[in-house]
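Undergrad: Have a look at this one.
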Amino acid sequence: MIYTKTGEYAIRAILYLARQPKDSLAMANQIAKEEDIPSHYLAKILQRMAKYGFVTSFKGRGGGFKITKEALDSSILEIVERIEGPVITLKCVTGLKECSDEYPCPLHEEWSELRDRIYNLISGKSVGEVAKEYNEVLQKV
C-alpha cells in the first residue's frame, strides 16, 4: 500500500473511534483487540493522535480515548500525514532524478494517474463520512 503499518493502524484506530457512540470512551487495549493491532504499538499511535488533537485521552478509572471533531472533519490523508509524514511520493518510481511530463520515465504516465486517483480517494472524504459508510456496510453484512 502507500502507507506503512503505522499509517494503517492509525486509520483503523481512528475509524474505530469514529464508529463509537458520540460520548463513549474506548480503552486502547479494547481498540487493539478488536482491530487486531499490537497494543504497545497502538498506544504510541494514540499518543501521537492526542498530540495532534485527533483524539482526547482521559486517564484513570473509566478513562480511554475519544475522537475529536477535528479528526471527524479531517480526511484519511490528513490523519496519516500527521502521524507518519507524506504518504504519496512525488519522486519518480523508477528512480530518475528528473522525471516530468516533459521528460517522463517509462512509468510516468501510469504512476501519475494512479497517484492522483489514490490521493483523491484518501483526501476526498472526511473520517466522519468514511465511518458512516463503514457502519452502513457492516449493517448489510
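Naming scheme: A, B, ... for chains in displayed order of the C-alpha cells; residues 1 onward per chain; ligands 1 onward as shown.
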Could you go through chain A and tell me which residues DSSP, when run on the backbone, assigns to helix (DSSP H, G or I), listing them as number ranges by chain?
TA: A: 5-18, 28-35, 39-51, 69-73, 76-84, 108-123, 127-140
Undergrad: I'd like the contact shell of stretch 23-33 of chain A - 7 Å cut-off, only C-alpha atoms, skipping same-chain residues fewer than 4 positions apart - returned as a PyMOL selection string.
TA: chain A and resi 13+37-39+42-43+63-66
Undergrad: Looking at A:Glu102, A:Asp116, A:Glu81, A:Glu133, which one is nearest to A:Thr4, with distances taken over only C-alpha atoms?
TA: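 Closest to A:Thr4 of all the choices is A:Glu81.
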Undergrad: By how many Å are atom CA of A:Val130 and atom CA of A:Leu90 apart?
TA: 25.8 Å
Undergrad: Please identify all polymer residues within 8 Å of A:Ile83, counting only C-alpha atoms, omitting same-chain residues fewer than 3 positions from it, and present them as a VMD selection string.
TA: chain A and resid 6 to 7 10 45 48 to 49 79 to 80
Undergrad: Suppose we keep N, CA and C atoms; can you now write the selection as a PDB file, in the first residue's frame?
TA:
ATOM      1  N   THR A   6       2.177   1.764  10.499  1.00  0.00           N
ATOM      2  CA  THR A   6       1.759   2.841  11.390  1.00  0.00           C
ATOM      3  C   THR A   6       0.562   3.571  10.804  1.00  0.00           C
ATOM      4  N   GLY A   7       0.624   3.896   9.523  1.00  0.00           N
ATOM      5  CA  GLY A   7      -0.485   4.573   8.862  1.00  0.00           C
ATOM      6  C   GLY A   7      -1.735   3.712   8.833  1.00  0.00           C
ATOM      7  N   ALA A  10      -3.187   3.598  12.298  1.00  0.00           N
ATOM      8  CA  ALA A  10      -3.795   4.898  12.622  1.00  0.00           C
ATOM      9  C   ALA A  10      -5.177   5.012  11.981  1.00  0.00           C
ATOM     10  N   ILE A  45       0.718   5.241  18.800  1.00  0.00           N
ATOM     11  CA  ILE A  45      -0.044   5.926  17.750  1.00  0.00           C
ATOM     12  C   ILE A  45      -1.113   6.818  18.380  1.00  0.00           C
ATOM     13  N   ARG A  48       0.378   9.966  19.695  1.00  0.00           N
ATOM     14  CA  ARG A  48       0.614  10.933  18.614  1.00  0.00           C
ATOM     15  C   ARG A  48      -0.681  11.594  18.180  1.00  0.00           C
ATOM     16  N   MET A  49      -1.742  10.790  18.080  1.00  0.00           N
ATOM     17  CA  MET A  49      -3.042  11.346  17.691  1.00  0.00           C
ATOM     18  C   MET A  49      -3.520  12.376  18.707  1.00  0.00           C
ATOM     19  N   ILE A  79      -4.971  12.660   8.475  1.00  0.00           N
ATOM     20  CA  ILE A  79      -4.634  11.882   9.672  1.00  0.00           C
ATOM     21  C   ILE A  79      -3.294  11.176   9.484  1.00  0.00           C
ATOM     22  N   VAL A  80      -3.174  10.445   8.382  1.00  0.00           N
ATOM     23  CA  VAL A  80      -1.958   9.652   8.150  1.00  0.00           C
ATOM     24  C   VAL A  80      -0.739  10.548   7.992  1.00  0.00           C
TER      25      VAL A  80
END
Undergrad: Report, in Å to a single decimal, how far apart atom CA of A:Thr89 and atom CA of A:Trp111 are.
TA: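 Value for the atom CA of A:Trp111-atom CA of A:Thr89 distance: 10.4 Å.
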Undergrad: Mind giving me the straight-line distance from atom CA of A:Ser57 to atom CA of A:Pro21 in Å, one decimal?
TA: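 Pair atom CA of A:Ser57 / atom CA of A:Pro21 returns 16.1 Å.
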Undergrad: With distances taken over only C-alpha atoms, which residue among A:Tyr9, A:Tyr103, A:Tyr16, A:Tyr134 lies nearest A:Ile67?
TA: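 The closest residue to A:Ile67 is A:Tyr16.
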Undergrad: Stretch 121-129 of chain A: which residues within 6 Å, counting only C-alpha atoms, same-chain residues fewer than 4 positions away excluded, as a PDB file with N, CA and C atoms, in the first residue's frame?
TA:
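Below is the file out.pdb, written as the result:
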ATOM      1  N   LEU A  72     -12.876  14.006  13.042  1.00  0.00           N
ATOM      2  CA  LEU A  72     -14.060  13.638  12.255  1.00  0.00           C
ATOM      3  C   LEU A  72     -14.161  14.457  10.972  1.00  0.00           C
ATOM      4  N   ASP A  73     -13.702  15.701  11.035  1.00  0.00           N
ATOM      5  CA  ASP A  73     -13.757  16.589   9.875  1.00  0.00           C
ATOM      6  C   ASP A  73     -12.539  16.462   8.959  1.00  0.00           C
ATOM      7  N   SER A  74     -11.506  15.767   9.413  1.00  0.00           N
ATOM      8  CA  SER A  74     -10.268  15.594   8.633  1.00  0.00           C
ATOM      9  C   SER A  74     -10.406  14.428   7.669  1.00  0.00           C
ATOM     10  N   SER A  75      -9.595  14.456   6.623  1.00  0.00           N
ATOM     11  CA  SER A  75      -9.560  13.334   5.683  1.00  0.00           C
ATOM     12  C   SER A  75      -8.609  12.260   6.211  1.00  0.00           C
ATOM     13  N   ILE A  76      -8.733  11.074   5.639  1.00  0.00           N
ATOM     14  CA  ILE A  76      -7.801   9.990   5.969  1.00  0.00           C
ATOM     15  C   ILE A  76      -6.371  10.450   5.681  1.00  0.00           C
ATOM     16  N   LEU A  77      -6.191  11.137   4.566  1.00  0.00           N
ATOM     17  CA  LEU A  77      -4.864  11.634   4.197  1.00  0.00           C
ATOM     18  C   LEU A  77      -4.292  12.550   5.284  1.00  0.00           C
TER      19      LEU A  77
END
Undergrad: Go through A:Asp101, A:Glu136, A:Glu70, A:Glu109 one by one, measure the shortest atom-to-atom distance of each to A:Arg19 using only C-alpha atoms, and give the residue with the smallest value.
TA: A:Glu136
Undergrad: When you count only C-alpha atoms, which of these residues is closest to A:Lys69: A:Ser100, A:Arg117, A:Ile14, A:Val141?
TA: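 Closest to A:Lys69 of all the choices is A:Ile14.
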